[in-house]
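Novice: Can you keep this structure in mind? I'll have questions shortly.
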Amino acid sequence: MRRLYRRLLEHALTMERSLLLAIGAVSGAVWAFIEIADEVTEGDSRAWDRALLLALRSAGDPASPWGPAWVQEMARDFTALGGVGVLTLLTVAAFGYLRIIGKRHAALAVLVAVIGGQLLSLALKTGFDRARPDLVPHGSIVYTASFPSGHSMMAAVTYLTLGAMLARVHAPLRIKAYLLSLALILTLLVGASRVYLGVHWPTDVAAGWAIGSAWALACHFVMQQLQRRGEVEPAGAPR
């Protein structure tokens with residue numbers, strides 16, 4: 001009986017630590033977004049935004065991005081990784097994979113996380129309605145408002161969510177680390193390319209990363225809680 005009590009206590013303490021860590025991480029990311037949004041709405045970020053954007057342009061010719069033509073082409077390739085088409089294909093592919101290995105509820109959770117993130121992105125863009133950079137020609141076609149960066153936010157939402165979800169399917173630590181590292185690198189590359197192509201201010205990208213990470217972390221935490229309650233398939237190897 002004493003052993004059972006000790007195990008229950010240890011389990012409760014572990015859950016409490018996980019809850020505190022999750023709340024802290026989500027709160028920190030949301031706080032970062034709020035701080036950036038405050039700087040943007042008050043106009044305090046204008047000088048930094050201009051300086052960083054122009055730093056990626058050729059000296060004396062703001063219309064020309066830094067580096068040779070192949071760097072510009074690579075930036076367009078990276079920015080496409082955060083586009084609606086690519087992210088939709090990846091989400092559908094991950095959904096199909098999780099269904100095939102028997103993770104039906106986990107597959108549904110991926111759809112909810114990504115679609116919810118997209119709706120949140122559109123709502124924030126409509127609310128802030130920030131104009132796109134006008135210092136340099138745009139290296140990519142844009143249709144929506146500038147703040148926060150939809151590509152950066154959705155890259156964080158999609159890649160971090162998929163990375164965490166797939167990492168829970170595979171037991172070896174090296175595979176988990178690889179998947180999460182890859183998700184982080186892709187997210188950073190997408191955001192950096194948006195500034196390089198002149199279609200976003202740096203604060204747009206930073207805000208997109210912050211709120212996208214907050215959403216991905218929140219969805220991941222909810223997923224863990226549902227797994228503990230048995231409402232979602234537990235983490236583990238494919239069946």
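Here's how to read the names in the structure tokens: chain A, B, ... by the order shown, residue numbers from 1 in each chain, ligand numbers from 1 in the order shown.
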May I have the residues within 12 Å of Glu35 (chain A) as a count of residues only, using only C-alpha atoms and disregarding those fewer than 6 positions away in the same chain?
Specialist: 11
Novice: Which residues come within 12 Å of Lys125 (chain A), counting only C-alpha atoms, excluding same-chain residues fewer than 2 positions away, as a list in words?
Specialist: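 Using only C-alpha atoms, the neighbours found are Ala37, Gln118, Leu119, Leu120, Ser121, Leu122, Ala123, Gly127, Phe128, Asp129, Arg130, Ala131, Arg132, Tyr143, Thr144, Ala145, Ser146, Phe147, Pro148, Ser149, Gly150, His151, Met153, Asp204, Ala207 and Gly208 of chain A.
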Novice: For the residues in that selection, give me C-alpha atoms as a compact mmCIF listing (two decimals), in the first residue's frame.
Specialist:
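Once everything was written out, this is part.txt:
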# COMPACT_ATOMS: atom_id res chain seq x y z
CA ALA A 37 2.80 43.88 -30.74
CA GLN A 118 -4.52 29.29 -39.57
CA LEU A 119 -7.75 30.84 -38.28
CA LEU A 120 -5.86 32.55 -35.46
CA SER A 121 -3.32 33.92 -37.96
CA LEU A 122 -6.03 35.41 -40.15
CA ALA A 123 -7.79 36.93 -37.14
CA GLY A 127 -7.02 42.96 -36.20
CA PHE A 128 -3.62 44.64 -36.55
CA ASP A 129 -3.88 45.38 -40.30
CA ARG A 130 -0.24 46.49 -40.60
CA ALA A 131 1.01 47.59 -44.00
CA ARG A 132 3.71 45.60 -45.77
CA TYR A 143 -2.16 39.29 -50.41
CA THR A 144 -2.74 39.86 -46.71
CA ALA A 145 -1.67 42.29 -43.97
CA SER A 146 1.85 42.18 -42.58
CA PHE A 147 1.53 41.56 -38.82
CA PRO A 148 2.13 38.89 -37.72
CA SER A 149 3.90 36.97 -40.47
CA GLY A 150 1.52 34.20 -41.53
CA HIS A 151 4.32 32.14 -43.06
CA MET A 153 3.46 31.63 -37.60
CA ASP A 204 6.31 40.59 -38.11
CA ALA A 207 5.72 37.92 -33.59
CA GLY A 208 4.76 35.06 -35.90
Novice: Sorted by chain and rising residue number, list the residues of region 27-131 of chain A at most 8 Å from region 156-177 of chain A (counting only C-alpha atoms), each with its closest atom pair and distance in Å to one decimal, as CSV.
Specialist:
residue,atom,partner,partner_atom,distance
A:Leu87,CA,A:Thr158,CA,7.0
A:Thr91,CA,A:Thr158,CA,7.4
A:Ala94,CA,A:Leu162,CA,7.3
A:Ala106,CA,A:Met165,CA,7.8
A:Val110,CA,A:Thr161,CA,7.1
A:Ala113,CA,A:Val157,CA,7.4
A:Val114,CA,A:Thr158,CA,5.9
A:Gly117,CA,A:Val157,CA,6.5
Novice: How would the residues just picked look written out with C-alpha atoms as an mmCIF file, in the first residue's frame?
Specialist:
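Saved to part.cif:
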data_model
loop_
_atom_site.group_PDB
_atom_site.id
_atom_site.type_symbol
_atom_site.label_atom_id
_atom_site.label_comp_id
_atom_site.auth_asym_id
_atom_site.auth_seq_id
_atom_site.Cartn_x
_atom_site.Cartn_y
_atom_site.Cartn_z
ATOM 1 C CA LEU A 87 1.864 23.143 -45.349
ATOM 2 C CA THR A 91 -0.477 18.200 -42.879
ATOM 3 C CA ALA A 94 1.058 13.477 -41.591
ATOM 4 C CA ALA A 106 -3.694 11.925 -32.895
ATOM 5 C CA VAL A 110 -2.979 17.511 -35.966
ATOM 6 C CA ALA A 113 -3.966 22.330 -34.379
ATOM 7 C CA VAL A 114 -3.077 23.405 -37.921
ATOM 8 C CA GLY A 117 -3.566 28.102 -36.093
#
Novice: Please return, as an MDAnalysis selection string, all residues of region 91-209 of chain A that DSSP assigns to helix (DSSP H, G or I) on the basis of the backbone.
Specialist: chainID A and resid 91:100 104:128 150:169 173:196 202:209
Novice: Do you have the CA of Trp215 (chain A)-CA of Val26 (chain A) distance handy?
Specialist: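 If I compute the distance from CA of Trp215 (chain A) to CA of Val26 (chain A), I get 7.6 Å.
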Novice: For region 21-129 of chain A versus region 192-197 of chain A, which residues have an atom no more than 12 Å away, and what is each residue's nearest atom pair and distance in Å rounded to one decimal, using only C-alpha atoms, chain-then-number order, as CSV?
Specialist:
residue,atom,partner,partner_atom,distance
A:Asp49,CA,A:Val195,CA,9.7
A:Arg50,CA,A:Val195,CA,10.7
A:Ala51,CA,A:Val195,CA,11.6
A:Leu52,CA,A:Val195,CA,8.6
A:Leu53,CA,A:Val195,CA,6.4
A:Leu54,CA,A:Tyr196,CA,9.2
A:Ala55,CA,A:Tyr196,CA,9.3
A:Leu56,CA,A:Tyr196,CA,6.0
A:Arg57,CA,A:Tyr196,CA,8.0
A:Ser58,CA,A:Tyr196,CA,11.3
A:Pro62,CA,A:Leu197,CA,11.4
A:Ala63,CA,A:Leu197,CA,10.2
A:Ser64,CA,A:Leu197,CA,9.7
A:Pro65,CA,A:Tyr196,CA,6.9
A:Trp66,CA,A:Tyr196,CA,8.2
A:Gly67,CA,A:Tyr196,CA,10.5
A:Val71,CA,A:Tyr196,CA,9.9
A:Gln72,CA,A:Leu197,CA,7.7
A:Glu73,CA,A:Leu197,CA,9.9
A:Met74,CA,A:Ser193,CA,8.7
A:Ala75,CA,A:Ser193,CA,5.1
A:Arg76,CA,A:Ser193,CA,7.1
A:Asp77,CA,A:Ser193,CA,8.8
A:Phe78,CA,A:Ser193,CA,6.3
A:Thr79,CA,A:Ser193,CA,5.5
A:Ala80,CA,A:Ser193,CA,9.3
A:Leu81,CA,A:Ser193,CA,10.0
A:Gly82,CA,A:Arg194,CA,9.6
A:Gly83,CA,A:Arg194,CA,11.0
Novice: Please identify which residues in region 15-223 of chain A DSSP calls strand (DSSP E or B) from the backbone, and express them as a list in words.
Specialist: Arg57, Ser58, Asp61, Pro62, Ala63, Ser64 and Pro65 of chain A
Novice: What does the structure give for the distance between CA of Leu108 (chain A) and CA of Thr126 (chain A), in Å to one decimal?
Specialist: 27.2 Å
